[in-house]
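Next comes coords_22.cif, a file with mmCIF, C-alpha atoms.
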```cif
data_data
loop_
_atom_site.label_atom_id
_atom_site.label_comp_id
_atom_site.auth_asym_id
_atom_site.auth_seq_id
_atom_site.Cartn_x
_atom_site.Cartn_y
_atom_site.Cartn_z
CA MET A 1 15.60 10.55 6.64
CA LYS A 2 15.33 14.16 5.58
CA LEU A 3 13.97 15.36 2.25
CA GLN A 4 14.76 18.72 0.72
CA LYS A 5 12.20 21.51 1.10
CA SER A 6 11.27 21.48 -2.60
CA THR A 7 10.71 17.72 -2.47
CA LEU A 8 8.46 18.00 0.56
CA LEU A 9 6.50 20.81 -1.09
CA ALA A 10 6.08 18.65 -4.19
CA LEU A 11 4.74 15.78 -2.07
CA TYR A 12 2.38 18.02 -0.10
CA SER A 13 1.13 19.56 -3.32
CA MET A 14 0.63 16.25 -5.09
CA MET A 15 -1.37 15.03 -2.11
CA GLU A 16 -3.61 18.11 -2.36
CA PHE A 17 -4.14 17.59 -6.08
CA ALA A 18 -4.67 13.83 -5.77
CA ARG A 19 -7.26 14.32 -3.03
CA TYR A 20 -9.24 16.73 -5.17
CA PRO A 21 -8.52 15.66 -8.76
CA ASP A 22 -11.40 17.67 -10.24
CA ARG A 23 -10.46 20.93 -8.57
CA GLN A 24 -8.18 23.51 -10.07
CA ILE A 25 -6.13 24.83 -7.22
CA PRO A 26 -4.22 28.13 -7.26
CA ALA A 27 -0.59 27.96 -6.09
CA THR A 28 -1.37 30.61 -3.48
CA GLU A 29 -3.91 28.32 -1.79
CA ILE A 30 -1.31 25.59 -1.24
CA ALA A 31 1.38 28.12 -0.34
CA ASP A 32 -0.87 29.60 2.36
CA LYS A 33 -1.77 26.18 3.73
CA TYR A 34 1.86 25.16 4.17
CA GLY A 35 3.24 28.60 5.02
CA VAL A 36 5.67 28.87 2.10
CA SER A 37 6.28 31.53 -0.52
CA ALA A 38 4.05 31.27 -3.59
CA HIS A 39 7.14 32.03 -5.70
CA HIS A 40 9.01 28.99 -4.41
CA LEU A 41 5.96 26.78 -4.71
CA SER A 42 5.34 27.92 -8.31
CA LYS A 43 8.75 26.61 -9.32
CA VAL A 44 7.91 23.25 -7.77
CA LEU A 45 4.51 23.12 -9.48
CA ARG A 46 6.03 23.98 -12.85
CA GLU A 47 8.41 21.02 -12.45
CA LEU A 48 5.47 18.75 -11.62
CA GLY A 49 3.68 20.12 -14.67
CA ARG A 50 6.69 19.39 -16.91
CA ALA A 51 6.63 15.80 -15.59
CA GLY A 52 3.01 15.48 -16.73
CA LEU A 53 1.58 15.21 -13.23
CA LEU A 54 -0.24 18.56 -13.29
CA ASP A 55 -2.03 20.64 -15.91
CA SER A 56 -1.45 24.36 -15.73
CA LEU A 57 -4.60 26.41 -16.26
CA ARG A 58 -4.24 30.07 -17.17
CA GLY A 59 -6.63 32.94 -16.63
CA VAL A 60 -8.08 34.85 -13.72
CA ARG A 61 -9.15 31.65 -12.00
CA GLY A 62 -6.05 29.83 -13.12
CA GLY A 63 -4.15 27.29 -11.14
CA TYR A 64 -3.19 23.67 -11.49
CA ARG A 65 -5.13 20.47 -11.78
CA PHE A 66 -4.05 16.87 -11.24
CA SER A 67 -3.35 15.05 -14.50
CA GLY A 68 -1.57 11.92 -13.32
CA ASN A 69 -2.91 8.52 -12.33
CA ALA A 70 -3.02 8.48 -8.53
CA LYS A 71 -3.09 4.69 -8.52
CA ARG A 72 0.16 4.56 -10.49
CA VAL A 73 2.23 7.55 -9.35
CA THR A 74 4.46 6.59 -6.44
CA LEU A 75 6.06 8.87 -3.89
CA LEU A 76 9.44 7.85 -5.32
CA GLU A 77 8.50 9.17 -8.77
CA VAL A 78 7.67 12.56 -7.28
CA ILE A 79 10.78 12.61 -5.07
CA GLU A 80 13.13 11.73 -7.92
CA LEU A 81 11.99 14.79 -9.87
CA PHE A 82 13.71 16.88 -7.21
CA GLU A 83 16.50 14.83 -5.68
CA ASP A 84 18.33 11.54 -5.83
CA ILE A 85 17.84 10.04 -2.40
CA GLY A 86 20.61 7.52 -3.05
CA ALA A 87 23.21 10.15 -3.96
CA ARG A 88 25.81 10.75 -1.26
CA PRO A 89 28.50 13.39 -1.10
CA ASP A 90 32.07 12.20 -1.72
CA GLY A 91 34.25 11.40 1.27
CA PRO A 92 37.12 13.61 2.43
CA GLY A 93 38.91 13.06 -0.87
CA GLY A 94 41.29 10.62 -2.50
CA GLU A 95 40.64 6.90 -2.64
CA ALA A 96 37.94 5.66 -0.25
CA SER A 97 39.31 4.04 2.90
CA ASP A 98 38.05 0.73 4.33
CA THR A 99 36.13 2.70 6.94
CA GLU A 100 34.47 4.89 4.31
CA ARG A 101 33.51 1.85 2.25
CA ALA A 102 32.11 0.05 5.32
CA LEU A 103 30.02 3.06 6.27
CA ALA A 104 28.93 3.56 2.65
CA SER A 105 27.56 0.00 2.55
CA VAL A 106 25.42 0.69 5.65
CA LEU A 107 24.13 3.96 4.18
CA SER A 108 23.42 2.22 0.90
CA GLU A 109 21.39 -0.44 2.76
CA ILE A 110 19.27 2.31 4.31
CA ASP A 111 18.84 4.03 0.94
CA GLU A 112 17.62 0.82 -0.67
CA ILE A 113 14.99 0.33 2.02
CA ALA A 114 13.90 3.97 1.71
CA LYS A 115 13.62 3.66 -2.07
CA ALA A 116 11.61 0.44 -1.84
CA THR A 117 9.26 2.09 0.66
CA PHE A 118 8.72 5.25 -1.39
CA GLY A 119 8.43 3.19 -4.56
CA SER A 120 5.66 1.02 -3.13
CA ILE A 121 3.37 3.80 -1.92
CA THR A 122 1.16 5.47 -4.50
CA LEU A 123 -0.57 8.81 -4.04
CA ASP A 124 -3.87 6.94 -3.97
CA VAL A 125 -2.75 4.75 -1.06
CA LEU A 126 -1.59 7.77 0.91
CA VAL A 127 -4.81 9.68 0.19
CA LYS A 128 -6.81 6.69 1.47
CA GLN A 129 -4.67 6.54 4.63
CA LEU A 130 -5.32 10.22 5.13
CA GLU A 131 -9.06 9.75 4.73
CA MET A 132 -9.05 6.88 7.24
CA ARG A 133 -7.22 8.98 9.82
CA ARG A 134 -9.59 11.90 9.52
CA PRO A 135 -12.10 12.00 12.35
CA ARG A 136 -15.43 10.84 10.99
CA ALA A 137 -18.21 13.39 11.05
CA VAL A 138 -20.80 12.52 13.65
CA SER A 139 -24.34 12.95 12.46
CA THR A 140 -26.34 15.62 14.24
CA GLU A 141 -28.85 12.97 15.35
CA LEU A 142 -26.12 10.89 16.98
CA ALA A 143 -24.47 13.93 18.50
CA ALA A 144 -27.75 14.88 20.14
CA LEU A 145 -28.03 11.57 22.00
CA PRO A 146 -27.27 11.64 25.75
CA VAL A 147 -23.89 10.14 26.71
CA MET B 1 1.46 -11.31 -8.14
CA SER B 2 3.56 -13.49 -5.95
CA ASN B 3 5.60 -12.81 -2.87
CA SER B 4 7.96 -15.20 -1.21
CA ARG B 5 7.53 -17.85 -3.90
CA GLY B 6 9.69 -15.78 -6.26
CA ASN B 7 9.70 -12.39 -7.87
CA ASP B 8 6.89 -11.52 -10.21
CA ARG B 9 8.16 -11.66 -13.79
CA SER B 10 4.79 -11.28 -15.39
CA PRO B 11 3.99 -8.12 -17.37
CA ARG B 12 2.09 -5.29 -15.76
CA PRO B 13 -1.62 -6.00 -15.69
CA ALA B 14 -3.40 -4.81 -18.81
CA ALA B 15 -6.48 -5.61 -20.81
CA HIS B 16 -6.33 -9.36 -21.33
CA PRO B 17 -8.43 -11.60 -23.54
CA GLU B 18 -8.61 -14.31 -20.86
CA ARG B 19 -9.66 -11.96 -18.12
CA PRO B 20 -12.75 -13.19 -16.28
CA PRO B 21 -15.81 -11.24 -17.37
CA ASP B 22 -16.65 -8.23 -15.23
CA GLY B 23 -19.08 -9.19 -12.52
CA ALA B 24 -18.18 -12.90 -12.67
CA ALA B 25 -18.86 -14.44 -9.26
CA VAL B 26 -15.67 -15.00 -7.28
CA ILE B 27 -15.51 -17.91 -4.86
CA THR B 28 -12.71 -18.28 -2.33
CA ARG B 29 -12.41 -21.75 -0.83
CA PRO B 30 -9.84 -24.18 0.57
CA ALA B 31 -7.52 -25.62 -2.07
CA GLN B 32 -8.21 -29.19 -3.18
CA ALA B 33 -5.92 -31.75 -4.80
CA GLY B 34 -7.66 -31.14 -8.12
CA ASP B 35 -6.57 -27.47 -8.03
CA LEU B 36 -2.86 -28.26 -7.98
CA ASP B 37 -2.33 -28.28 -11.75
CA ALA B 38 -3.86 -24.80 -12.01
CA ILE B 39 -1.87 -23.55 -9.01
CA ILE B 40 1.39 -24.90 -10.44
CA ALA B 41 0.59 -23.30 -13.81
CA ILE B 42 -0.19 -19.90 -12.26
CA ASP B 43 3.00 -19.98 -10.19
CA ALA B 44 5.07 -21.03 -13.22
CA GLU B 45 3.56 -18.26 -15.36
CA VAL B 46 4.26 -15.65 -12.68
CA THR B 47 7.71 -16.73 -11.49
CA GLY B 48 9.04 -18.44 -14.61
CA ILE B 49 9.89 -21.60 -12.61
CA GLU B 50 7.76 -24.74 -12.49
CA LYS B 51 7.94 -26.34 -9.03
CA THR B 52 5.63 -29.35 -9.23
CA ASP B 53 7.17 -31.38 -6.36
CA TYR B 54 7.26 -28.33 -4.15
CA TRP B 55 3.55 -27.61 -4.59
CA TYR B 56 2.52 -31.22 -4.03
CA GLU B 57 4.55 -31.32 -0.84
CA LEU B 58 3.13 -27.98 0.27
CA PHE B 59 -0.39 -29.21 -0.41
CA GLN B 60 0.23 -32.21 1.86
CA ARG B 61 1.13 -29.87 4.72
CA TYR B 62 -1.31 -27.02 4.15
CA GLY B 63 -4.12 -28.43 2.05
CA ALA B 64 -4.66 -32.11 2.77
CA SER B 65 -3.84 -31.82 6.48
CA ARG B 66 -5.37 -28.41 6.92
CA THR B 67 -5.76 -27.07 10.44
CA ARG B 68 -7.25 -23.87 11.76
CA GLN B 69 -3.73 -22.43 11.80
CA ARG B 70 -2.73 -23.45 8.25
CA LEU B 71 -4.57 -22.00 5.30
CA PHE B 72 -4.26 -22.72 1.60
CA LEU B 73 -7.05 -21.03 -0.34
CA VAL B 74 -7.90 -20.50 -4.00
CA ALA B 75 -10.03 -17.93 -5.82
CA GLU B 76 -12.22 -19.33 -8.55
CA THR B 77 -14.36 -17.72 -11.23
CA GLU B 78 -16.67 -19.77 -13.46
CA GLY B 79 -15.07 -23.00 -12.26
CA ALA B 80 -11.48 -21.97 -13.02
CA VAL B 81 -8.80 -21.32 -10.39
CA GLN B 82 -7.48 -17.80 -10.91
CA GLY B 83 -5.26 -17.36 -7.87
CA PHE B 84 -4.24 -18.71 -4.51
CA VAL B 85 -3.00 -17.64 -1.10
CA ILE B 86 -1.14 -19.64 1.50
CA GLY B 87 -0.19 -18.85 5.07
CA GLU B 88 -0.26 -19.92 8.67
CA VAL B 89 -0.41 -18.71 12.24
CA ARG B 90 2.97 -18.86 13.91
CA ASP B 91 3.29 -18.67 17.67
CA TRP B 92 6.09 -16.82 19.38
CA GLU B 93 8.53 -17.05 16.52
CA PHE B 94 11.11 -14.27 16.24
CA GLY B 95 9.96 -13.09 19.66
CA SER B 96 6.61 -12.12 18.20
CA ALA B 97 3.17 -12.76 19.70
CA PRO B 98 1.12 -15.21 17.60
CA CYS B 99 0.33 -13.69 14.23
CA GLY B 100 -0.73 -14.76 10.76
CA TRP B 101 1.94 -14.99 8.08
CA VAL B 102 1.06 -14.84 4.40
CA PHE B 103 3.90 -16.49 2.59
CA GLY B 104 2.47 -16.89 -0.88
CA ILE B 105 -0.17 -15.05 -2.87
CA SER B 106 -0.54 -15.10 -6.61
CA VAL B 107 -3.14 -14.22 -9.22
CA ARG B 108 -3.01 -15.33 -12.84
CA PRO B 109 -1.73 -12.29 -14.82
CA GLY B 110 -4.72 -12.40 -17.16
CA ALA B 111 -7.14 -12.27 -14.23
CA ARG B 112 -5.68 -9.27 -12.46
CA LEU B 113 -7.28 -5.89 -11.82
CA ALA B 114 -10.50 -7.63 -10.84
CA GLY B 115 -9.99 -7.57 -7.07
CA LEU B 116 -9.03 -11.25 -6.75
CA GLY B 117 -5.86 -10.51 -4.74
CA THR B 118 -7.93 -8.39 -2.38
CA ARG B 119 -10.48 -11.20 -2.01
CA LEU B 120 -7.76 -13.78 -1.33
CA LEU B 121 -6.02 -11.63 1.24
CA GLY B 122 -9.37 -10.84 2.87
CA ALA B 123 -10.23 -14.54 3.02
CA ILE B 124 -6.97 -15.57 4.64
CA CYS B 125 -7.23 -12.69 7.11
CA ASP B 126 -10.72 -13.96 8.05
CA GLY B 127 -9.11 -17.36 8.65
CA PHE B 128 -6.43 -15.81 10.84
CA ARG B 129 -9.07 -13.96 12.84
CA TYR B 130 -10.95 -17.22 13.30
CA ALA B 131 -7.71 -18.76 14.56
CA GLY B 132 -7.57 -16.03 17.19
CA VAL B 133 -4.85 -13.66 15.95
CA SER B 134 -5.17 -9.96 15.26
CA GLN B 135 -2.06 -9.25 13.20
CA VAL B 136 -0.99 -10.34 9.74
CA ARG B 137 2.51 -10.18 8.26
CA THR B 138 4.27 -11.04 5.09
CA LEU B 139 7.73 -10.82 3.57
CA VAL B 140 8.35 -9.27 0.16
CA ALA B 141 11.53 -8.79 -1.84
CA ARG B 142 12.18 -5.05 -1.82
CA ASP B 143 12.61 -4.96 -5.60
CA ASN B 144 9.21 -6.59 -6.09
CA ALA B 145 7.39 -3.29 -6.59
CA LEU B 146 4.16 -4.84 -7.85
CA VAL B 147 3.57 -7.04 -4.81
CA LEU B 148 4.84 -4.40 -2.39
CA SER B 149 2.36 -1.93 -3.86
CA PHE B 150 -0.42 -4.50 -3.59
CA PHE B 151 0.17 -5.08 0.12
CA ARG B 152 0.48 -1.32 0.70
CA SER B 153 -2.84 -0.81 -1.05
CA GLN B 154 -4.32 -3.28 1.44
CA GLY B 155 -3.21 -1.08 4.33
CA MET B 156 -0.10 -3.06 5.27
CA MET B 157 2.90 -1.14 6.54
CA ALA B 158 6.49 -1.94 7.53
CA ALA B 159 6.58 -4.27 10.51
CA PRO B 160 8.85 -3.62 13.49
CA VAL B 161 11.24 -6.36 12.34
CA ILE B 162 14.29 -6.40 10.09
CA THR B 163 15.16 -9.36 7.93
CA LEU B 164 18.85 -10.25 7.95
CA GLU B 165 20.85 -12.69 5.88
CA LYS B 166 24.38 -13.66 4.97
CA ALA B 167 26.02 -15.92 2.46
CA LEU B 168 27.26 -19.18 3.96
CA GLU B 169 30.88 -19.88 3.17
CA PRO B 170 31.42 -23.39 1.77
#
```

Give the structure from this file in structure tokens form.
Amino acid sequence: MKLQKSTLLALYSMMEFARYPDRQIPATEIADKYGVSAHHLSKVLRELGRAGLLDSLRGVRGGYRFSGNAKRVTLLEVIELFEDIGARPDGPGGEASDTERALASVLSEIDEIAKATFGSITLDVLVKQLEMRRPRAVSTELAALPV
Amino acid sequence: MSNSRGNDRSPRPAAHPERPPDGAAVITRPAQAGDLDAIIAIDAEVTGIEKTDYWYELFQRYGASRTRQRLFLVAETEGAVQGFVIGEVRDWEFGSAPCGWVFGISVRPGARLAGLGTRLLGAICDGFRYAGVSQVRTLVARDNALVLSFFRSQGMMAAPVITLEKALEP
């Protein structure tokens, strides 16, 4: 499954904001982290702001801050702001053949599973997974012990 | 919430007048015959279908003749049953090494958002560990977003199996 670049940027950004909900983060900081243009990212962040997921803060130290509910916002909600993962391009033209319909039913099955998966994972769940995967800091006392 | 016993038709959890008071002690314990009325009522409230005979029969297999591999537990606050979980260890089915299967979990809608589902799942997982397995699985309808989200929040992920079905011609 491949998501569009804007969709991926939106997901990366929402993860940053959901991890640090009290921080106001400039677009440039996220753009640098993911190696994308700040201009492109700003468009994505504006869309997230229009959806009520981010607050835009103006001024010298402006940026964006998380304004959603991480325990409620699912990955599917973010994705659907940018693309319809169930939408498929039309076939070669004319009325669909038996083959096209048979293949379409398989693709539709995959789409339904993908939607159910994205719709069941909230930002909060993903943030927690991320935290669990991060190597735990070893205390200096423990690190000093002989192996 | 409820998984394979039917889709959850209850409203999204919200402030509820019958919600157990915050900090009320939660007890998880094996289901007893006297719990069945409450279990049937919770299931009927959640799924919209009352299945009295089904639950009595299930209790005979999983409650009354409980083994280390079959678990039927309830969560209780202040003497009232607020939810239940049911499951068993299955050996070598579907080509899978022995693992615990949760095939029913439900919490009274008015008692949600108090961690009871988490307690119930934790309790049955303890039972599975005691029975010697290290993996737990369940099956959820893919349009049952509430229960899917619950299991995801408990760290469960897609298993390496695919469920298949077909309609049987008469």

Item to complete: Run through the PyMOL selection byres ((chain B and resi 25) around 8) on the given coordinates and return the selected residues as a PyMOL selection string.
Response: chain B and resi 23-24+26-27+77-78

Let me see the file: selected residues, C-alpha atoms, as an mmCIF file, keeping the file's coordinate frame.
```cif
data_model
loop_
_atom_site.group_PDB
_atom_site.id
_atom_site.type_symbol
_atom_site.label_atom_id
_atom_site.label_comp_id
_atom_site.auth_asym_id
_atom_site.auth_seq_id
_atom_site.Cartn_x
_atom_site.Cartn_y
_atom_site.Cartn_z
ATOM 1 C CA GLY B 23 -19.080 -9.190 -12.520
ATOM 2 C CA ALA B 24 -18.180 -12.900 -12.670
ATOM 3 C CA VAL B 26 -15.670 -15.000 -7.280
ATOM 4 C CA ILE B 27 -15.510 -17.910 -4.860
ATOM 5 C CA THR B 77 -14.360 -17.720 -11.230
ATOM 6 C CA GLU B 78 -16.670 -19.770 -13.460
#
```

Item to complete: Calculate how many Å separate CA of Leu57 (chain A) from CA of Leu126 (chain A), rounding to one decimal.
Response: 25.5 Å

Worksheet item: Which residues of chain B are close to chain A, meaning at most 10 Å apart when you count only C-alpha atoms, and how do they look as a PyMOL selection string?
Response: chain B and resi 141-155+157-158

Discussion item. So that I can check the surroundings of region 2-7 of chain A, please list as a PyMOL selection string every protein, DNA and RNA residue that reaches within 10 Å of it, counting only C-alpha atoms and ignoring chain neighbours fewer than 4 positions away.
Written reply: chain A and resi 11-13+36+40-41+43-45+78-85

Response to the item:
note - CA of Glu47 (chain A) and CA of Tyr34 (chain A) are separated by 18.3 Å

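Proximity to Tyr130 (chain B) was assessed for B:Pro160, B:Gly100, B:Gly110, B:Pro170 counting all atoms listed in the file; the smallest distance is recorded for B:Gly100.
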
Worksheet item: Can you tell me how far CA of Ala70 (chain A) sits from CA of Ile42 (chain B), in Å to one decimal?
Response: 28.8 Å

Dump as a short mmCIF file (atom, residue, chain, number, x, y, z; two decimals) with C-alpha atoms, in the frame of the given file all residues having an atom at most 12 Å from (-5.6, -7.8, -5.8), computed in the file's coordinates with only C-alpha atoms.
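File point28.cif, as written:
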```cif
data_model
loop_
_atom_site.label_atom_id
_atom_site.label_comp_id
_atom_site.auth_asym_id
_atom_site.auth_seq_id
_atom_site.Cartn_x
_atom_site.Cartn_y
_atom_site.Cartn_z
CA MET B 1 1.46 -11.31 -8.14
CA SER B 2 3.56 -13.49 -5.95
CA PRO B 13 -1.62 -6.00 -15.69
CA ALA B 75 -10.03 -17.93 -5.82
CA GLN B 82 -7.48 -17.80 -10.91
CA GLY B 83 -5.26 -17.36 -7.87
CA PHE B 84 -4.24 -18.71 -4.51
CA VAL B 85 -3.00 -17.64 -1.10
CA ILE B 105 -0.17 -15.05 -2.87
CA SER B 106 -0.54 -15.10 -6.61
CA VAL B 107 -3.14 -14.22 -9.22
CA ARG B 108 -3.01 -15.33 -12.84
CA PRO B 109 -1.73 -12.29 -14.82
CA ALA B 111 -7.14 -12.27 -14.23
CA ARG B 112 -5.68 -9.27 -12.46
CA LEU B 113 -7.28 -5.89 -11.82
CA ALA B 114 -10.50 -7.63 -10.84
CA GLY B 115 -9.99 -7.57 -7.07
CA LEU B 116 -9.03 -11.25 -6.75
CA GLY B 117 -5.86 -10.51 -4.74
CA THR B 118 -7.93 -8.39 -2.38
CA ARG B 119 -10.48 -11.20 -2.01
CA LEU B 120 -7.76 -13.78 -1.33
CA LEU B 121 -6.02 -11.63 1.24
CA GLY B 122 -9.37 -10.84 2.87
CA LEU B 146 4.16 -4.84 -7.85
CA VAL B 147 3.57 -7.04 -4.81
CA LEU B 148 4.84 -4.40 -2.39
CA SER B 149 2.36 -1.93 -3.86
CA PHE B 150 -0.42 -4.50 -3.59
CA PHE B 151 0.17 -5.08 0.12
CA ARG B 152 0.48 -1.32 0.70
CA SER B 153 -2.84 -0.81 -1.05
CA GLN B 154 -4.32 -3.28 1.44
#
```
